[in-house]
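Engineer: Can you read through this structure? Questions will come right after.
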Amino acid sequence: MASKIPTLSFAESLRAKGLLLAPNLLQGLFVRSPTGVRLTAAAGTERRAHTLLAELERRHAGGVMLLRGGKELLLVAPAAVRQVLDASPDPWGPPAAKKKGMGHFQPGAVTISTGADWTRRRRFNEQVLDTGRMHRLAGSFLEVVEDEVGTAAGGETLDWPRLEAVFDRIMLQVVFGRPAAGDGQLSAALGKLMRQGNRLVLLRRSQTFEVLHDGIRRHLASPHPGSLMEVAAALEPDDGVQPGSQVPHWMFAMGGTLAANVARALAAVAVSPEVEARLRAELASGDPGSPEGVAGLAVTAGCLQEAMRLWPTTPMLVREAQREVEFEGVSLPAGAKALIPNLYNHRSGIESPHRLMPERWPAAAADYRFNFFSSGPQVCAGIDLALVLGVAALARLLSGAPWTLDSPRLPAEGPLPLAFDHHRLRLRRRPAG
């Protein structure tokens with residue numbers, strides 16, 4: 001069968017790997033390194049990668065390219081992205097690097113599972129996280145958001161360390177219960193293990209792993225009311241589920257990852273007066289303190305999803321063939337990789353790709369260009385809960401006087417850049433009048 005997939009030249013393949021794979025490793029696969037983010041931003045890596053992918057898409061029609069060597073697919077066409085993600089995790093499963101690094105802090109997690117293990121673990125996650133509906137404990141969780149974000153929203157300034165700390169406390173209470181609000185030991189242990197997982201080499205079980213998972217086991221054995229642990233402990237999971245290995249993903253997704261997304265949304269709104277006016281009009285008549293009220297905040301939710309589209313916390317999805325795969329006339333061996341560059345795809349082939357347009361959502365959620373929560377069978381099981389928490393937090397932070405963005409600088413109402421270093425976030429309240 002003749003191949004329909006163009007193969008990139010050696011030079012094109014080298015450039016693609018240098019601008020897509022190497023920066024991902026430098027920034028960190030599991031937790032972003034402030035130094036790595038700063039270096040890639042200074043080098044203009046995101047802009048150069050976007051320019052290269054646009055050139056390659058023009059030069060090689062179809063949006064599917066094979067890197068030199070025949071073991072890596074580069075996918076920018078939505079139909080091709082859908083073909084891979086709809087066939088995940090079988091035959092397109094987690095890459096070996098992800099399994100190795102993530103296995104350092106959450107072995108047995110659904111995100112690095114395949115086959116029957118994935119099916120059982122996915123079912124468990126959906127049951128705990130109430131996938132596809134408003135979470136049964138949403139009312140209690142929104143009280144946590146109000147308590148924790150309220151203090152930050154009342155200040156005259158806001159920076160990344162403060163926002164990160166707020167979301168850490170929110171995450172601890174949602175996952176483990178109200179009494180765990182100040183249990184920084186669990187967060188610190190997970191952060192250390194994730195930073196170790198970034199390096200992918202010389203990984204071995206450590207005392208830090210025991211600190212994290214001993215703590216998780218204690219909470220599962222004696223869960224606090226109104227927590228995800230309470231929901232998890234009430235289930236009788238199938239053999240092989242390993243409930244404790246699912247928890248670290250909930251922790252970092254509702255902690256640092258959600259904090260980064262809210263930080264970026266705040267920054268984008270601060271430099272978009274027209275969007276801010278629409279958002280404030282919505283909040284004036286809405287109720288961000290109730291599950292029903294949060295569900296009705298369409299503009300606010302659109303701003304959060306636009307921030308995730310513009311600056312995805314996962315710049316590139318990678319899937320690895322678990323066995324020999326036929327893809328558009330090419331036979332790919334087991335171990336072949338499909339590279340899905342969110343950084344480019346999120347801003348390709350759409351209206352005003354570099355502007356904040358909350359009205360894209362929720363209709364855009366079905367578009368396989370946008371994969372900040374992934375898509376297909378492996379779409380994030382906690383998508384609904386993450387959006388509820390994020391929208392409620394964003395709404396609370398936008399109460400009071402408008403924010404002025406001091407750092408990083410963004411153009412006022414202009415095209416938004418491809419890189420945004422949330423570690424440098426600094427906002428201050430705008431003087432009245």
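In the structure tokens, each chain is lettered A, B, ... as it comes, each chain's residues begin at 1, and ligands are numbered from 1 in order of appearance.
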Please identify all polymer residues within 8 Å of segment 376-385 of chain A, counting only C-alpha atoms, omitting same-chain residues fewer than 2 positions from it, and present them as a PDB file with N, CA and C atoms, in the first residue's frame.

Structural biologist:
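This went into selection.pdb:
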ATOM      1  N   ARG A  82      -7.750  13.147  15.924  1.00  0.00           N
ATOM      2  CA  ARG A  82      -8.894  12.377  16.420  1.00  0.00           C
ATOM      3  C   ARG A  82      -8.671  10.880  16.226  1.00  0.00           C
ATOM      4  N   LEU A  85      -6.329   9.849  19.142  1.00  0.00           N
ATOM      5  CA  LEU A  85      -6.890   9.979  20.488  1.00  0.00           C
ATOM      6  C   LEU A  85      -8.116   9.098  20.695  1.00  0.00           C
ATOM      7  N   ASP A  86      -8.881   8.845  19.633  1.00  0.00           N
ATOM      8  CA  ASP A  86     -10.022   7.944  19.762  1.00  0.00           C
ATOM      9  C   ASP A  86      -9.580   6.492  19.880  1.00  0.00           C
ATOM     10  N   ALA A  87      -8.316   6.230  19.538  1.00  0.00           N
ATOM     11  CA  ALA A  87      -7.760   4.875  19.657  1.00  0.00           C
ATOM     12  C   ALA A  87      -6.768   4.804  20.812  1.00  0.00           C
ATOM     13  N   SER A  88      -7.021   5.583  21.832  1.00  0.00           N
ATOM     14  CA  SER A  88      -6.176   5.581  23.029  1.00  0.00           C
ATOM     15  C   SER A  88      -6.981   5.035  24.199  1.00  0.00           C
ATOM     16  N   PRO A  89      -6.403   4.187  25.028  1.00  0.00           N
ATOM     17  CA  PRO A  89      -4.985   3.809  25.082  1.00  0.00           C
ATOM     18  C   PRO A  89      -4.610   2.566  24.268  1.00  0.00           C
ATOM     19  N   THR A 111      -3.474   7.075  34.069  1.00  0.00           N
ATOM     20  CA  THR A 111      -2.864   7.793  32.947  1.00  0.00           C
ATOM     21  C   THR A 111      -1.684   7.065  32.321  1.00  0.00           C
ATOM     22  N   ARG A 122      -9.921   3.566  35.107  1.00  0.00           N
ATOM     23  CA  ARG A 122     -10.717   4.668  34.559  1.00  0.00           C
ATOM     24  C   ARG A 122     -12.096   4.686  35.214  1.00  0.00           C
ATOM     25  N   ASN A 125     -11.830   6.199  38.699  1.00  0.00           N
ATOM     26  CA  ASN A 125     -11.656   7.653  38.651  1.00  0.00           C
ATOM     27  C   ASN A 125     -12.962   8.352  38.308  1.00  0.00           C
ATOM     28  N   GLU A 126     -13.690   7.827  37.357  1.00  0.00           N
ATOM     29  CA  GLU A 126     -14.960   8.446  36.979  1.00  0.00           C
ATOM     30  C   GLU A 126     -15.969   8.398  38.120  1.00  0.00           C
ATOM     31  N   LEU A 129     -14.729  11.058  40.745  1.00  0.00           N
ATOM     32  CA  LEU A 129     -14.727  12.437  40.256  1.00  0.00           C
ATOM     33  C   LEU A 129     -16.060  12.854  39.636  1.00  0.00           C
ATOM     34  N   ASP A 130     -17.024  11.937  39.586  1.00  0.00           N
ATOM     35  CA  ASP A 130     -18.348  12.230  39.012  1.00  0.00           C
ATOM     36  C   ASP A 130     -18.221  12.791  37.600  1.00  0.00           C
ATOM     37  N   THR A 131     -17.474  12.098  36.772  1.00  0.00           N
ATOM     38  CA  THR A 131     -17.230  12.538  35.397  1.00  0.00           C
ATOM     39  C   THR A 131     -18.543  12.704  34.634  1.00  0.00           C
ATOM     40  N   GLY A 132     -18.662  13.821  33.943  1.00  0.00           N
ATOM     41  CA  GLY A 132     -19.826  14.072  33.104  1.00  0.00           C
ATOM     42  C   GLY A 132     -20.977  14.767  33.813  1.00  0.00           C
ATOM     43  N   ARG A 133     -20.800  15.140  35.076  1.00  0.00           N
ATOM     44  CA  ARG A 133     -21.876  15.808  35.799  1.00  0.00           C
ATOM     45  C   ARG A 133     -21.279  16.665  36.923  1.00  0.00           C
ATOM     46  N   MET A 134     -22.148  17.487  37.506  1.00  0.00           N
ATOM     47  CA  MET A 134     -21.724  18.291  38.641  1.00  0.00           C
ATOM     48  C   MET A 134     -21.400  17.357  39.803  1.00  0.00           C
ATOM     49  N   HIS A 135     -20.253  17.577  40.440  1.00  0.00           N
ATOM     50  CA  HIS A 135     -19.842  16.668  41.503  1.00  0.00           C
ATOM     51  C   HIS A 135     -20.819  16.734  42.678  1.00  0.00           C
ATOM     52  N   ALA A 138     -19.983  19.322  45.200  1.00  0.00           N
ATOM     53  CA  ALA A 138     -19.611  20.631  44.646  1.00  0.00           C
ATOM     54  C   ALA A 138     -19.936  21.775  45.601  1.00  0.00           C
ATOM     55  N   TRP A 250      -4.899  13.658  40.971  1.00  0.00           N
ATOM     56  CA  TRP A 250      -5.904  14.623  41.408  1.00  0.00           C
ATOM     57  C   TRP A 250      -5.224  15.795  42.102  1.00  0.00           C
ATOM     58  N   PHE A 373      -7.414  19.224  27.865  1.00  0.00           N
ATOM     59  CA  PHE A 373      -7.899  18.140  28.712  1.00  0.00           C
ATOM     60  C   PHE A 373      -7.801  16.798  27.997  1.00  0.00           C
ATOM     61  N   SER A 374      -7.043  16.748  26.895  1.00  0.00           N
ATOM     62  CA  SER A 374      -7.026  15.617  25.986  1.00  0.00           C
ATOM     63  C   SER A 374      -8.421  15.453  25.383  1.00  0.00           C
ATOM     64  N   LEU A 387     -13.139  22.402  36.091  1.00  0.00           N
ATOM     65  CA  LEU A 387     -13.774  23.616  35.568  1.00  0.00           C
ATOM     66  C   LEU A 387     -14.612  24.308  36.644  1.00  0.00           C
ATOM     67  N   VAL A 388     -15.323  23.544  37.436  1.00  0.00           N
ATOM     68  CA  VAL A 388     -16.121  24.149  38.511  1.00  0.00           C
ATOM     69  C   VAL A 388     -15.224  24.906  39.484  1.00  0.00           C
ATOM     70  N   LEU A 389     -14.155  24.268  39.932  1.00  0.00           N
ATOM     71  CA  LEU A 389     -13.243  24.920  40.879  1.00  0.00           C
ATOM     72  C   LEU A 389     -12.572  26.127  40.246  1.00  0.00           C
TER      73      LEU A 389
END

Engineer: Which residues are close to Ala336 of chain A, i.e. within 8 Å by only C-alpha atoms, leaving aside same-chain residues fewer than 6 positions away? Reply as an MDAnalysis selection string.

Structural biologist: chainID A and resid 71:73 320:321

Engineer: Find, counting only C-alpha atoms, the residue in A:Leu29, A:Ala260, A:Ala295, A:Ala188 that gets nearest to Ala395 of chain A.

Structural biologist: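 Among the listed residues, the smallest separation from Ala395 of chain A belongs to A:Ala295.
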
Engineer: Can you pull out every residue within 8 Å of Arg120 of chain A, counting only C-alpha atoms, but drop anything in the same chain fewer than 6 positions away, and send it as a list in words?

Structural biologist: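 The residues that qualify are Pro237, Asp238, Gly240 and Val241 of chain A.
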
Engineer: Please, what distance in Å, to one decimal, runs between atom CA of Glu230 of chain A and atom CA of Ile216 of chain A?

Structural biologist: 12.0 Å

Engineer: Might you pull out every residue within 12 Å of Met251 of chain A, with only C-alpha atoms counted and same-chain residues fewer than 6 positions away left off, and present them as number ranges by chain?

Structural biologist: A: 105-106, 167-176, 184, 186-191, 194, 212, 216, 228-229, 244-245, 257-259, 382, 386

Engineer: Can you tell me which residues surround Val391 of chain A at a distance of at most 12 Å, considering only C-alpha atoms, apart from same-chain residues fewer than 3 positions away, and format the answer as JSON, numbers by chain?

Structural biologist: {"A": [142, 145, 146, 149, 258, 259, 261, 262, 263, 265, 266, 279, 283, 287, 288, 289, 290, 291, 293, 294, 295, 296, 297, 298, 299, 300, 301, 302, 303, 304, 305, 307, 383, 384, 385, 386, 387, 388, 394, 395, 396, 397, 398]}

Engineer: I want to know what sits within 10 Å of Pro333 of chain A, based on only C-alpha atoms, with residues of the same chain fewer than 4 positions away left out; could you give that as a list in words?

Structural biologist: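 In the requested form, the answer reads Gly70, Lys71, Glu320, Ala321, Gln322, Arg323, Glu324, Val325, Glu326 and Lys337 of chain A.
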
Engineer: Looking only at helix (DSSP H, G or I) from DSSP on the backbone, list the matching residues of segment 272-302 of chain A as a ChimeraX atom specification.

Structural biologist: /A:273-285,291-295,298-302

Engineer: Hey, what does DSSP flag as strand (DSSP E) within segment 199-388 of chain A? Can you give it to me as a list in words?

Structural biologist: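 Of segment 199-388 of chain A, the ones in strand (DSSP E) are Met316, Leu317, Val318, Arg319, Glu320, Ala321, Val325, Glu326, Phe327, Val330, Ser331, Leu332, Lys337, Ala338, Leu339, Ile340 and Pro341 of chain A.
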
Engineer: Selection from above, N, CA and C atoms, as a PDB file, in the first residue's frame, can you write it?

Structural biologist:
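Printed below is selection.pdb as written:
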ATOM      1  N   MET A 316       2.502  19.555  24.381  1.00  0.00           N
ATOM      2  CA  MET A 316       2.448  18.503  23.371  1.00  0.00           C
ATOM      3  C   MET A 316       1.988  17.185  23.988  1.00  0.00           C
ATOM      4  N   LEU A 317       1.006  16.555  23.359  1.00  0.00           N
ATOM      5  CA  LEU A 317       0.603  15.212  23.740  1.00  0.00           C
ATOM      6  C   LEU A 317       1.425  14.202  22.946  1.00  0.00           C
ATOM      7  N   VAL A 318       1.801  13.127  23.595  1.00  0.00           N
ATOM      8  CA  VAL A 318       2.547  12.059  22.923  1.00  0.00           C
ATOM      9  C   VAL A 318       1.842  10.742  23.203  1.00  0.00           C
ATOM     10  N   ARG A 319       1.581   9.979  22.147  1.00  0.00           N
ATOM     11  CA  ARG A 319       1.041   8.637  22.288  1.00  0.00           C
ATOM     12  C   ARG A 319       1.995   7.659  21.613  1.00  0.00           C
ATOM     13  N   GLU A 320       2.099   6.464  22.170  1.00  0.00           N
ATOM     14  CA  GLU A 320       3.048   5.460  21.666  1.00  0.00           C
ATOM     15  C   GLU A 320       2.297   4.194  21.266  1.00  0.00           C
ATOM     16  N   ALA A 321       2.621   3.679  20.088  1.00  0.00           N
ATOM     17  CA  ALA A 321       1.974   2.464  19.590  1.00  0.00           C
ATOM     18  C   ALA A 321       2.356   1.274  20.464  1.00  0.00           C
ATOM     19  N   VAL A 325       1.056  -0.777  14.109  1.00  0.00           N
ATOM     20  CA  VAL A 325      -0.145  -0.016  13.771  1.00  0.00           C
ATOM     21  C   VAL A 325      -0.094   0.402  12.305  1.00  0.00           C
ATOM     22  N   GLU A 326      -1.232   0.312  11.631  1.00  0.00           N
ATOM     23  CA  GLU A 326      -1.362   0.828  10.264  1.00  0.00           C
ATOM     24  C   GLU A 326      -1.988   2.215  10.353  1.00  0.00           C
ATOM     25  N   PHE A 327      -1.313   3.208   9.791  1.00  0.00           N
ATOM     26  CA  PHE A 327      -1.828   4.577   9.855  1.00  0.00           C
ATOM     27  C   PHE A 327      -1.679   5.218   8.480  1.00  0.00           C
ATOM     28  N   VAL A 330       0.780   3.599   6.140  1.00  0.00           N
ATOM     29  CA  VAL A 330       2.128   3.354   6.660  1.00  0.00           C
ATOM     30  C   VAL A 330       2.038   2.355   7.812  1.00  0.00           C
ATOM     31  N   SER A 331       2.887   1.346   7.761  1.00  0.00           N
ATOM     32  CA  SER A 331       2.965   0.378   8.851  1.00  0.00           C
ATOM     33  C   SER A 331       3.990   0.878   9.859  1.00  0.00           C
ATOM     34  N   LEU A 332       3.519   1.178  11.056  1.00  0.00           N
ATOM     35  CA  LEU A 332       4.383   1.711  12.104  1.00  0.00           C
ATOM     36  C   LEU A 332       4.659   0.630  13.133  1.00  0.00           C
ATOM     37  N   LYS A 337       5.769   6.739  17.762  1.00  0.00           N
ATOM     38  CA  LYS A 337       5.117   7.797  18.543  1.00  0.00           C
ATOM     39  C   LYS A 337       4.294   8.722  17.657  1.00  0.00           C
ATOM     40  N   ALA A 338       3.175   9.172  18.201  1.00  0.00           N
ATOM     41  CA  ALA A 338       2.361  10.207  17.571  1.00  0.00           C
ATOM     42  C   ALA A 338       2.536  11.484  18.385  1.00  0.00           C
ATOM     43  N   LEU A 339       3.029  12.534  17.749  1.00  0.00           N
ATOM     44  CA  LEU A 339       3.285  13.811  18.414  1.00  0.00           C
ATOM     45  C   LEU A 339       2.170  14.777  18.051  1.00  0.00           C
ATOM     46  N   ILE A 340       1.471  15.297  19.063  1.00  0.00           N
ATOM     47  CA  ILE A 340       0.341  16.200  18.855  1.00  0.00           C
ATOM     48  C   ILE A 340       0.687  17.534  19.506  1.00  0.00           C
ATOM     49  N   PRO A 341       1.158  18.514  18.702  1.00  0.00           N
ATOM     50  CA  PRO A 341       1.628  19.784  19.278  1.00  0.00           C
ATOM     51  C   PRO A 341       0.483  20.733  19.621  1.00  0.00           C
TER      52      PRO A 341
END
